[in-house]
>>> print(open('target.csv').read())   # CSV, C-alpha atoms and all ligand atoms
chain,number,residue,atom,x,y,z
E,1,GLN,CA,2.5,-8.6,18.5
E,2,LEU,CA,1.0,-5.2,19.0
E,3,PRO,CA,3.9,-2.8,19.4
E,4,GLY,CA,3.4,-1.4,22.9
E,5,SER,CA,-0.3,-0.8,22.4
E,6,PRO,CA,-2.5,-3.4,23.9
E,7,ALA,CA,-6.0,-3.7,22.4
E,8,ALA,CA,-8.9,-2.6,24.5
E,9,PRO,CA,-9.9,-4.8,27.4
E,10,ARG,CA,-12.7,-7.2,26.5
E,11,HIS,CA,-15.4,-5.2,28.2
E,12,SER,CA,-15.0,-2.2,26.0
E,13,CYS,CA,-15.3,-4.1,22.7
E,14,GLU,CA,-18.4,-3.8,20.7
E,15,ASN,CA,-19.4,-6.8,18.6
E,16,LEU,CA,-19.9,-5.8,14.9
E,17,GLY,CA,-20.7,-9.1,13.5
E,18,GLN,CA,-18.5,-11.5,11.5
E,19,GLY,CA,-16.5,-12.1,8.3
E,20,SER,CA,-16.2,-15.6,6.8
E,21,PHE,CA,-13.7,-16.8,9.4
E,22,THR,CA,-13.6,-13.9,11.8
E,23,LYS,CA,-15.6,-12.2,14.5
E,24,ILE,CA,-15.4,-8.4,14.2
E,25,TYR,CA,-15.2,-6.0,17.2
E,26,ARG,CA,-14.8,-2.3,17.7
E,27,GLY,CA,-12.4,-1.4,20.5
E,28,ILE,CA,-10.2,1.3,21.8
E,29,LYS,CA,-6.4,1.3,21.6
E,30,ARG,CA,-4.7,3.2,24.4
E,31,ASP,CA,-1.2,4.6,24.0
E,32,GLN,CA,0.6,6.1,27.0
E,33,GLU,CA,2.9,8.9,25.9
E,34,ASP,CA,4.6,10.6,28.9
E,35,SER,CA,1.7,11.4,31.2
E,36,GLU,CA,-0.9,11.6,28.4
E,37,CYS,CA,-3.1,8.7,27.3
E,38,HIS,CA,-4.2,8.7,23.7
E,39,GLU,CA,-7.2,6.7,22.7
E,40,THR,CA,-7.9,5.5,19.1
E,41,GLU,CA,-10.9,3.6,17.9
E,42,VAL,CA,-9.8,0.3,16.3
E,43,LEU,CA,-11.3,-2.6,14.6
E,44,LEU,CA,-10.4,-6.1,15.7
E,45,LYS,CA,-10.7,-9.2,13.5
E,46,VAL,CA,-10.5,-12.3,15.7
E,47,MET,CA,-9.9,-15.6,14.1
E,48,ASP,CA,-10.9,-18.7,16.1
E,49,SER,CA,-8.0,-21.1,16.6
E,50,SER,CA,-10.3,-23.9,15.3
E,51,HIS,CA,-9.7,-22.7,11.7
E,52,GLY,CA,-6.2,-24.2,11.9
E,53,ASN,CA,-4.0,-23.4,8.9
E,54,CYS,CA,-6.4,-20.6,7.7
E,55,SER,CA,-4.9,-18.7,10.7
E,56,GLU,CA,-1.5,-18.8,9.0
E,57,SER,CA,-3.0,-17.3,5.8
E,58,PHE,CA,-4.9,-14.7,7.8
E,59,LEU,CA,-1.7,-13.6,9.6
E,60,GLU,CA,0.2,-13.6,6.3
E,61,ALA,CA,-2.4,-11.1,5.0
E,62,ALA,CA,-1.8,-9.0,8.1
E,63,SER,CA,1.9,-9.2,7.7
E,64,ILE,CA,1.7,-7.9,4.1
E,65,MET,CA,-0.6,-5.1,5.0
E,66,SER,CA,1.7,-4.0,7.9
E,67,GLN,CA,4.6,-3.7,5.5
E,68,ILE,CA,3.0,-1.3,3.1
E,69,SER,CA,1.3,2.1,3.6
E,70,HIS,CA,-1.0,4.0,1.3
E,71,LYS,CA,-3.7,6.5,2.0
E,72,HIS,CA,-6.3,4.3,0.3
E,73,LEU,CA,-5.2,1.1,2.1
E,74,VAL,CA,-6.5,0.3,5.6
E,75,LEU,CA,-3.9,0.9,8.3
E,76,LEU,CA,-2.9,-2.1,10.3
E,77,TYR,CA,-1.8,-1.5,13.9
E,78,GLY,CA,-0.6,-5.0,14.6
E,79,VAL,CA,-1.5,-8.6,15.3
E,80,SER,CA,-1.8,-10.7,18.4
E,81,ILE,CA,-1.1,-14.4,18.1
E,82,LYS,CA,-1.9,-15.8,21.6
E,83,GLU,CA,-4.9,-18.1,21.8
E,84,ASN,CA,-6.7,-16.7,18.8
E,85,SER,CA,-5.1,-14.7,15.9
E,86,ILE,CA,-6.3,-11.1,16.2
E,87,MET,CA,-5.7,-8.4,13.6
E,88,VAL,CA,-6.0,-4.8,14.9
E,89,GLN,CA,-6.6,-2.2,12.3
E,90,GLU,CA,-8.0,1.3,12.0
E,91,TYR,CA,-11.7,1.7,12.5
E,92,VAL,CA,-13.2,3.0,9.3
E,93,ARG,CA,-16.2,5.1,10.2
E,94,PHE,CA,-18.8,4.4,7.5
E,95,GLY,CA,-18.0,0.7,7.1
E,96,ALA,CA,-18.3,-1.5,4.0
E,97,LEU,CA,-19.3,0.1,0.7
E,98,ASP,CA,-21.7,-2.7,-0.4
E,99,ILE,CA,-23.9,-2.0,2.6
E,100,TYR,CA,-23.5,1.8,2.3
E,101,LEU,CA,-24.6,1.7,-1.4
E,102,LYS,CA,-27.6,-0.4,-0.7
E,103,LYS,CA,-28.7,2.0,2.1
E,104,ASN,CA,-28.1,5.1,0.1
E,105,GLN,CA,-29.6,4.1,-3.3
E,106,SER,CA,-31.8,7.2,-3.1
E,107,GLY,CA,-31.4,10.5,-1.4
E,108,GLY,CA,-28.8,12.1,-3.7
E,109,LYS,CA,-25.7,11.3,-1.6
E,110,VAL,CA,-24.4,8.8,-4.1
E,111,THR,CA,-24.1,10.5,-7.5
E,112,ALA,CA,-22.3,9.3,-10.6
E,113,SER,CA,-19.3,11.6,-9.8
E,114,TRP,CA,-19.2,10.1,-6.3
E,115,LYS,CA,-19.1,6.6,-7.7
E,116,LEU,CA,-16.4,7.6,-10.2
E,117,GLU,CA,-14.3,9.1,-7.4
E,118,VAL,CA,-14.6,5.9,-5.3
E,119,SER,CA,-13.6,3.8,-8.4
E,120,LYS,CA,-10.6,6.0,-9.0
E,121,GLN,CA,-9.4,5.8,-5.4
E,122,LEU,CA,-9.7,2.0,-5.5
E,123,ALA,CA,-7.7,2.0,-8.8
E,124,TYR,CA,-5.0,4.1,-7.1
E,125,ALA,CA,-4.8,1.6,-4.2
E,126,LEU,CA,-4.5,-1.3,-6.6
E,127,ASN,CA,-2.0,0.5,-8.8
E,128,PHE,CA,0.2,0.9,-5.8
E,129,LEU,CA,-0.1,-2.8,-5.1
E,130,GLU,CA,0.6,-3.7,-8.7
E,131,ASP,CA,3.7,-1.6,-8.7
E,132,LYS,CA,4.9,-3.5,-5.6
E,133,LYS,CA,3.8,-6.8,-7.3
E,134,ILE,CA,1.4,-7.6,-4.4
E,135,VAL,CA,-1.7,-9.5,-5.3
E,136,HIS,CA,-4.7,-8.5,-3.1
E,137,GLY,CA,-7.0,-11.4,-4.2
E,138,ASN,CA,-10.2,-10.3,-2.6
E,139,VAL,CA,-11.4,-7.1,-4.2
E,140,SER,CA,-15.1,-6.3,-4.0
E,141,ALA,CA,-17.4,-3.5,-2.6
E,142,LYS,CA,-17.5,-5.4,0.7
E,143,LYS,CA,-13.8,-4.9,1.0
E,144,VAL,CA,-13.9,-1.2,0.2
E,145,LEU,CA,-14.4,0.8,3.4
E,146,LEU,CA,-15.8,4.3,3.5
E,147,ALA,CA,-13.8,6.7,5.7
E,148,ARG,CA,-15.5,9.9,4.6
E,149,GLU,CA,-18.9,10.2,2.9
E,150,GLY,CA,-18.2,13.4,1.1
E,151,ASP,CA,-20.8,15.9,0.2
E,152,ALA,CA,-21.8,16.5,-3.4
E,153,ALA,CA,-23.4,20.0,-2.6
E,154,SER,CA,-20.1,21.4,-1.1
E,155,GLY,CA,-17.9,19.5,-3.6
E,156,SER,CA,-16.1,17.5,-0.9
E,157,PRO,CA,-15.2,14.0,-2.3
E,158,PRO,CA,-15.7,10.6,-0.5
E,159,PHE,CA,-12.6,8.8,0.8
E,160,ILE,CA,-12.2,5.1,0.7
E,161,LYS,CA,-9.7,2.5,2.1
E,162,LEU,CA,-9.3,-1.0,0.7
E,163,SER,CA,-9.4,-3.6,3.5
E,164,ASP,CA,-7.1,-6.5,4.0
E,165,PRO,CA,-7.8,-9.5,1.8
E,166,GLY,CA,-8.2,-11.9,4.7
E,167,VAL,CA,-7.6,-15.7,4.3
E,168,SER,CA,-6.2,-16.3,0.8
E,169,LEU,CA,-8.5,-17.7,-1.8
E,170,THR,CA,-6.0,-20.6,-2.3
E,171,MET,CA,-7.2,-21.8,1.1
E,172,LEU,CA,-10.9,-21.6,0.5
E,173,ALA,CA,-13.3,-24.5,0.0
E,174,LYS,CA,-14.8,-24.8,-3.5
E,175,GLU,CA,-18.2,-23.6,-2.3
E,176,MET,CA,-16.7,-20.4,-0.9
E,177,LEU,CA,-14.8,-19.8,-4.1
E,178,ILE,CA,-18.0,-20.2,-6.2
E,179,ASP,CA,-19.8,-17.9,-3.8
E,180,ARG,CA,-17.3,-15.2,-4.9
E,181,ILE,CA,-18.4,-15.3,-8.5
E,182,PRO,CA,-18.4,-12.8,-10.3
E,183,TRP,CA,-15.6,-11.0,-8.2
E,184,VAL,CA,-13.2,-13.9,-8.3
E,185,ALA,CA,-11.4,-14.2,-11.6
E,186,PRO,CA,-12.4,-17.2,-13.7
E,187,GLU,CA,-8.9,-18.6,-13.9
E,188,CYS,CA,-8.9,-18.9,-10.0
E,189,ILE,CA,-12.1,-21.0,-10.1
E,190,SER,CA,-10.3,-23.5,-12.5
E,191,ASP,CA,-7.3,-23.4,-10.2
E,192,PRO,CA,-6.8,-21.1,-7.2
E,193,LYS,CA,-3.1,-21.3,-7.8
E,194,ASN,CA,-3.6,-19.1,-10.9
E,195,LEU,CA,-4.2,-16.2,-8.5
E,196,ALA,CA,-2.0,-13.4,-9.9
E,197,LEU,CA,-1.9,-9.6,-10.4
E,198,GLU,CA,-4.2,-10.0,-13.4
E,199,SER,CA,-6.9,-11.5,-11.1
E,200,ASP,CA,-7.3,-8.2,-9.2
E,201,LYS,CA,-8.1,-6.5,-12.5
E,202,TRP,CA,-11.0,-8.8,-13.1
E,203,SER,CA,-12.2,-8.2,-9.5
E,204,PHE,CA,-11.8,-4.5,-10.0
E,205,GLY,CA,-14.0,-4.6,-13.1
E,206,ALA,CA,-16.7,-6.5,-11.2
E,207,THR,CA,-16.5,-4.0,-8.3
E,208,VAL,CA,-16.9,-1.0,-10.5
E,209,TRP,CA,-19.9,-2.7,-12.0
E,210,GLU,CA,-21.2,-3.3,-8.5
E,211,ILE,CA,-20.5,0.4,-7.5
E,212,PHE,CA,-22.4,1.8,-10.4
E,213,SER,CA,-25.3,-0.6,-10.1
E,214,GLY,CA,-25.9,0.3,-6.4
E,215,GLY,CA,-24.5,-2.8,-4.7
E,216,THR,CA,-26.5,-5.8,-6.0
E,217,MET,CA,-25.0,-8.3,-8.4
E,218,PRO,CA,-27.2,-10.1,-10.9
E,219,THR,CA,-25.5,-13.4,-10.0
E,220,SER,CA,-26.1,-13.1,-6.3
E,221,ALA,CA,-29.4,-15.1,-6.3
E,222,LEU,CA,-28.1,-17.8,-8.6
E,223,GLU,CA,-27.5,-21.4,-7.4
E,224,PRO,CA,-23.8,-22.4,-7.3
E,225,LEU,CA,-24.1,-24.5,-10.4
E,226,LEU,CA,-25.5,-21.6,-12.4
E,227,LYS,CA,-22.8,-19.3,-11.1
E,228,LEU,CA,-20.3,-21.8,-12.3
E,229,GLN,CA,-22.0,-22.0,-15.7
E,230,PHE,CA,-21.8,-18.2,-15.9
E,231,TYR,CA,-18.0,-18.6,-16.2
E,232,GLN,CA,-18.1,-21.9,-18.2
E,233,ASN,CA,-20.1,-20.1,-20.8
E,234,SER,CA,-17.8,-17.0,-20.7
E,235,LEU,CA,-20.8,-14.7,-19.9
E,236,GLN,CA,-20.5,-11.0,-18.9
E,237,LEU,CA,-22.4,-8.8,-16.6
E,238,PRO,CA,-25.0,-6.7,-18.4
E,239,ALA,CA,-23.2,-3.8,-20.1
E,240,PRO,CA,-23.9,-0.4,-18.5
E,241,LYS,CA,-25.5,2.1,-20.8
E,242,TRP,CA,-22.5,4.5,-20.3
E,243,MET,CA,-20.4,3.1,-23.2
E,244,GLU,CA,-17.0,4.3,-22.0
E,245,LEU,CA,-17.6,2.7,-18.6
E,246,ALA,CA,-18.9,-0.5,-20.1
E,247,ASN,CA,-15.8,-0.7,-22.3
E,248,LEU,CA,-13.5,-0.3,-19.3
E,249,ILE,CA,-15.3,-3.0,-17.3
E,250,THR,CA,-15.2,-5.4,-20.4
E,251,GLN,CA,-11.5,-4.9,-20.7
E,252,CYS,CA,-11.0,-5.7,-17.0
E,253,MET,CA,-13.3,-8.6,-17.1
E,254,ASP,CA,-11.6,-10.3,-20.1
E,255,TYR,CA,-11.5,-14.0,-19.7
E,256,ARG,CA,-7.9,-13.9,-21.0
E,257,PRO,CA,-5.9,-12.6,-18.0
E,258,GLY,CA,-3.0,-11.3,-20.1
E,259,TRP,CA,-5.3,-9.0,-22.0
E,260,ARG,CA,-6.5,-7.1,-19.0
E,261,PRO,CA,-5.1,-3.5,-18.7
E,262,SER,CA,-2.6,-2.3,-16.2
E,263,PHE,CA,-4.0,-0.2,-13.3
E,264,ARG,CA,-2.0,2.7,-14.8
E,265,ALA,CA,-4.1,2.4,-18.0
E,266,ILE,CA,-7.3,1.9,-16.0
E,267,ILE,CA,-6.6,5.2,-14.1
E,268,ARG,CA,-6.0,7.0,-17.3
E,269,ASP,CA,-9.3,5.7,-18.7
E,270,LEU,CA,-11.2,6.6,-15.5
E,271,ASN,CA,-9.7,10.1,-15.6
E,272,SER,CA,-11.1,10.5,-19.1
E,273,LEU,CA,-14.7,9.7,-18.1
E,274,ILE,CA,-17.0,12.7,-17.9
E,275,THR,CA,-19.9,12.1,-15.5
E,276,SER,CA,-22.2,14.5,-17.2
E,277,ASP,CA,-22.5,12.0,-20.1
E,278,TYR,CA,-23.6,9.4,-17.6
E,279,GLU,CA,-26.0,11.7,-15.8
E,280,LEU,CA,-27.7,12.4,-19.2
E,281,LEU,CA,-28.2,8.7,-19.7
E,282,SER,CA,-29.5,8.2,-16.2
E,283,ASP,CA,-32.1,11.0,-16.7
E,284,LEU,CA,-33.3,9.2,-19.8
E,285,SER,CA,-33.6,5.9,-18.0
E,286,PRO,CA,-33.4,6.0,-14.2
E,287,SER,CA,-34.1,2.3,-13.7
E,288,GLU,CA,-31.1,1.1,-15.7
E,289,LEU,CA,-27.4,1.5,-15.2
W,301,LIG,P1,-13.7,-12.4,4.6
W,301,LIG,O1,-15.1,-12.7,5.0
W,301,LIG,O2,-13.6,-11.8,3.2
W,301,LIG,O3,-12.7,-13.4,4.9
W,301,LIG,P2,-13.1,-10.8,6.9
W,301,LIG,O4,-13.4,-12.0,7.8
W,301,LIG,O5,-11.7,-10.2,7.0
W,301,LIG,O6,-13.3,-11.1,5.4
W,301,LIG,P3,-14.5,-8.4,6.4
W,301,LIG,O7,-15.5,-8.8,5.3
W,301,LIG,O8,-13.3,-7.6,6.0
W,301,LIG,O9,-14.2,-9.7,7.3
W,301,LIG,O10,-15.3,-7.5,7.5
W,301,LIG,C1,-16.6,-7.8,7.9
W,301,LIG,C2,-17.4,-6.6,8.1
W,301,LIG,O11,-16.8,-5.8,9.2
W,301,LIG,C3,-17.4,-5.6,6.9
W,301,LIG,O12,-18.5,-5.9,6.0
W,301,LIG,C4,-17.5,-4.2,7.5
W,301,LIG,O13,-18.9,-3.9,7.7
W,301,LIG,C5,-16.8,-4.4,8.9
W,301,LIG,N1,-15.4,-3.9,8.8
W,301,LIG,C6,-14.4,-4.6,8.4
W,301,LIG,N2,-13.2,-3.9,8.6
W,301,LIG,C7,-13.6,-2.7,9.1
W,301,LIG,C8,-12.9,-1.5,9.5
W,301,LIG,N3,-11.6,-1.4,9.4
W,301,LIG,N4,-13.6,-0.5,10.0
W,301,LIG,C9,-15.0,-0.6,10.1
W,301,LIG,N5,-15.7,-1.6,9.8
W,301,LIG,C10,-15.0,-2.7,9.2
>>> encode(input="target.csv", output="structure tokens", more="lines below")
Ligand code: ATP
Amino acid sequence: QLPGSPAAPRHSCENLGQGSFTKIYRGIKRDQEDSECHETEVLLKVMDSSHGNCSESFLEAASIMSQISHKHLVLLYGVSIKENSIMVQEYVRFGALDIYLKKNQSGGKVTASWKLEVSKQLAYALNFLEDKKIVHGNVSAKKVLLAREGDAASGSPPFIKLSDPGVSLTMLAKEMLIDRIPWVAPECISDPKNLALESDKWSFGATVWEIFSGGTMPTSALEPLLKLQFYQNSLQLPAPKWMELANLITQCMDYRPGWRPSFRAIIRDLNSLITSDYELLSDLSPSEL
């Protein structure tokens, strides 16, 4: 239950669309402290009771998120388990990164340094989870929320927060799992019970690829059978021209889970990347990665 802070009354909620199992609303959380009333914008994920045992998995995700705290993980205020299951979390102003990237392809807001900074912050969040042996299981640019846009001109960096994983992939129908190719690790397609810490490294590699490409995956338009064949034939996403970045993505997206690097090693590699090398490549060939 929400600890002493009821979510906004229905009339003040704004419908923001939906996730796979949830309807998403923006609302206001009101806290009474002495004679003062504090209002905070919140995001509500409402899961219809018709989804049966997926609700349990949804609440489990909420429970895990509520027990941990990190500046790059979305803050969970609480859950309500009355008619429907509701997760109440902080409202992250600029929304999901996949949409943001697509909207801001041009205009100079999203530079190579910006993308590298976002990738590093995501790696920090996942390193924190790895240290605590917590598997996220649903890492993609859609789950990265942008709290601050940053400004390249004044040198202020962007700031991201990784969202909750939602319903565990072990509960998903096969079509939904296939739809998550290439973010979902191949071993989870063979058997979702293989979901482990290593799976997040694969997803991180795919997400970094997505961030640097501007938000569109080459597999998105493929029929489910072709998506499956992508993994069956052990294919890789096209290698970015920036060799050091390509190497890191290849290491993360290794078909052998045990060979993928730790997030500590990933952070070290990201910190050694110098964006001027990349910008030089982009100048030579703006249409390619
Ligand atoms: P899934 O479909 O993976 O099960 P879900 O049902 O939990 O996920 P999300 O994909 O996390 O739903 O959220 C749907 C959309 O709602 C996002 O793409 C984003 O635009 C918006 N959103 C989610 N969480 C937040 C937040 N905390 N602040 C602002 N917008 C958010």
>>> closest_atom_pairs(input="target.csv", of="region 188-241 of chain E", to="region 100-105 of chain E", cutoff="9 Å", atoms="all atoms listed in the file", output="tab-separated table")
residue	atom	partner	partner_atom	distance
E:Ile211	CA	E:Leu101	CA	7.5
E:Gly214	CA	E:Leu101	CA	5.4
E:Gly215	CA	E:Leu101	CA	5.6
E:Thr216	CA	E:Lys102	CA	7.6
>>> atom_distance(input="target.csv", atom1="CA of Glu41 (chain E)", atom2="CA of Gly19 (chain E)")
19.2 Å
>>> atom_distance(input="target.csv", atom1="CA of Glu223 (chain E)", atom2="CA of Leu248 (chain E)")
28.0 Å
>>> atom_distance(input="target.csv", atom1="CA of Ser50 (chain E)", atom2="CA of Leu172 (chain E)")
15.0 Å
>>> residues_around(input="target.csv", residues="Ala196 (chain E)", least_positions_apart="6", cutoff="9 Å", atoms="all atoms listed in the file", output="list in words")
Ile134, Val135, His136, Gly137 and Cys188 of chain E
>>> residues_near_ligand(input="target.csv", ligand="ligand LIG 301 (chain W)", cutoff="6 Å", atoms="all atoms listed in the file", output="compact mmCIF listing (two decimals) with C-alpha atoms, in the frame of the given file")
# COMPACT_ATOMS: atom_id res chain seq x y z
CA GLN E 18 -18.50 -11.50 11.50
CA GLY E 19 -16.50 -12.10 8.30
CA SER E 20 -16.20 -15.60 6.80
CA PHE E 21 -13.70 -16.80 9.40
CA THR E 22 -13.60 -13.90 11.80
CA ILE E 24 -15.40 -8.40 14.20
CA LEU E 43 -11.30 -2.60 14.60
CA GLN E 89 -6.60 -2.20 12.30
CA GLU E 90 -8.00 1.30 12.00
CA TYR E 91 -11.70 1.70 12.50
CA VAL E 92 -13.20 3.00 9.30
CA ARG E 93 -16.20 5.10 10.20
CA GLY E 95 -18.00 0.70 7.10
CA ALA E 96 -18.30 -1.50 4.00
CA LYS E 142 -17.50 -5.40 0.70
CA LYS E 143 -13.80 -4.90 1.00
CA GLY E 166 -8.20 -11.90 4.70
CA VAL E 167 -7.60 -15.70 4.30
>>> closest_residue(input="target.csv", among="E:Thr111, E:Gln67, E:Gln121, E:Ser106", to="Phe204 (chain E)", atoms="only C-alpha atoms")
E:Gln121
>>> closest_residue(input="target.csv", among="E:Asn127, E:Ser234, E:Ser140, E:Ser190", to="Thr250 (chain E)", atoms="all atoms listed in the file")
E:Ser234
>>> closest_residue(input="target.csv", among="E:Gly27, E:Gly78, E:Pro218, E:Pro192", to="Leu177 (chain E)", atoms="all atoms listed in the file")
E:Pro192
>>> residues_around(input="target.csv", residues="Thr219 (chain E)", least_positions_apart="4", cutoff="10 Å", atoms="all atoms listed in the file", output="number ranges by chain")
E: 179-182, 223-224, 226-227, 230, 237
>>> residues_around(input="target.csv", residues="Asp254 (chain E)", least_positions_apart="2", cutoff="12 Å", atoms="only C-alpha atoms", output="ChimeraX atom specification")
/E:185-187,198-206,231,234-237,247-252,256-261
>>> closest_residue(input="target.csv", among="E:Ser113, E:Thr170, E:Ser220, E:Asn233", to="Asn271 (chain E)", atoms="only C-alpha atoms")
E:Ser113
>>> closest_residue(input="target.csv", among="E:Glu60, E:Trp242, E:Leu270, E:Glu175", to="Leu228 (chain E)", atoms="all atoms listed in the file")
E:Glu175
>>> build_atoms(input="target.csv", residues="region 182-205 of chain E", atoms="N, CA and C atoms", output="compact mmCIF listing (two decimals), in the coordinates of the input")
# COMPACT_ATOMS: atom_id res chain seq x y z
N PRO E 182 -19.30 -13.07 -9.15
CA PRO E 182 -18.40 -12.80 -10.30
C PRO E 182 -17.16 -11.92 -9.86
N TRP E 183 -16.83 -11.82 -8.58
CA TRP E 183 -15.60 -11.00 -8.20
C TRP E 183 -14.36 -11.78 -8.45
N VAL E 184 -14.41 -13.09 -8.13
CA VAL E 184 -13.20 -13.90 -8.30
C VAL E 184 -12.94 -14.14 -9.76
N ALA E 185 -11.67 -14.02 -10.18
CA ALA E 185 -11.40 -14.20 -11.60
C ALA E 185 -11.60 -15.66 -12.02
N PRO E 186 -12.08 -15.86 -13.25
CA PRO E 186 -12.40 -17.20 -13.70
C PRO E 186 -11.24 -18.19 -13.61
N GLU E 187 -10.02 -17.70 -13.90
CA GLU E 187 -8.90 -18.60 -13.90
C GLU E 187 -8.62 -19.14 -12.45
N CYS E 188 -9.10 -18.41 -11.42
CA CYS E 188 -8.90 -18.90 -10.00
C CYS E 188 -9.94 -19.93 -9.67
N ILE E 189 -11.06 -19.94 -10.38
CA ILE E 189 -12.10 -21.00 -10.10
C ILE E 189 -11.50 -22.30 -10.72
N SER E 190 -10.88 -22.23 -11.91
CA SER E 190 -10.30 -23.50 -12.50
C SER E 190 -9.19 -23.97 -11.59
N ASP E 191 -8.34 -23.05 -11.13
CA ASP E 191 -7.30 -23.40 -10.20
C ASP E 191 -6.84 -22.23 -9.39
N PRO E 192 -7.15 -22.24 -8.07
CA PRO E 192 -6.80 -21.10 -7.20
C PRO E 192 -5.35 -20.68 -7.28
N LYS E 193 -4.49 -21.61 -7.69
CA LYS E 193 -3.10 -21.30 -7.80
C LYS E 193 -2.80 -20.28 -8.91
N ASN E 194 -3.78 -20.10 -9.78
CA ASN E 194 -3.60 -19.10 -10.90
C ASN E 194 -3.75 -17.68 -10.38
N LEU E 195 -4.05 -17.51 -9.09
CA LEU E 195 -4.20 -16.20 -8.50
C LEU E 195 -2.94 -15.34 -8.82
N ALA E 196 -3.12 -14.20 -9.50
CA ALA E 196 -2.00 -13.40 -9.90
C ALA E 196 -2.45 -11.91 -9.97
N LEU E 197 -1.53 -11.02 -10.30
CA LEU E 197 -1.90 -9.60 -10.40
C LEU E 197 -3.06 -9.35 -11.32
N GLU E 198 -3.13 -10.14 -12.40
CA GLU E 198 -4.20 -10.00 -13.40
C GLU E 198 -5.59 -10.26 -12.76
N SER E 199 -5.60 -11.14 -11.74
CA SER E 199 -6.90 -11.50 -11.10
C SER E 199 -7.54 -10.30 -10.47
N ASP E 200 -6.72 -9.42 -9.89
CA ASP E 200 -7.30 -8.20 -9.20
C ASP E 200 -7.94 -7.29 -10.24
N LYS E 201 -7.50 -7.36 -11.50
CA LYS E 201 -8.10 -6.50 -12.50
C LYS E 201 -9.50 -6.94 -12.82
N TRP E 202 -9.68 -8.25 -12.91
CA TRP E 202 -11.00 -8.80 -13.10
C TRP E 202 -11.93 -8.34 -11.95
N SER E 203 -11.43 -8.55 -10.72
CA SER E 203 -12.20 -8.20 -9.50
C SER E 203 -12.55 -6.71 -9.49
N PHE E 204 -11.58 -5.91 -9.94
CA PHE E 204 -11.80 -4.50 -10.00
C PHE E 204 -12.97 -4.15 -10.94
N GLY E 205 -12.97 -4.79 -12.12
CA GLY E 205 -14.00 -4.60 -13.10
C GLY E 205 -15.39 -4.93 -12.49
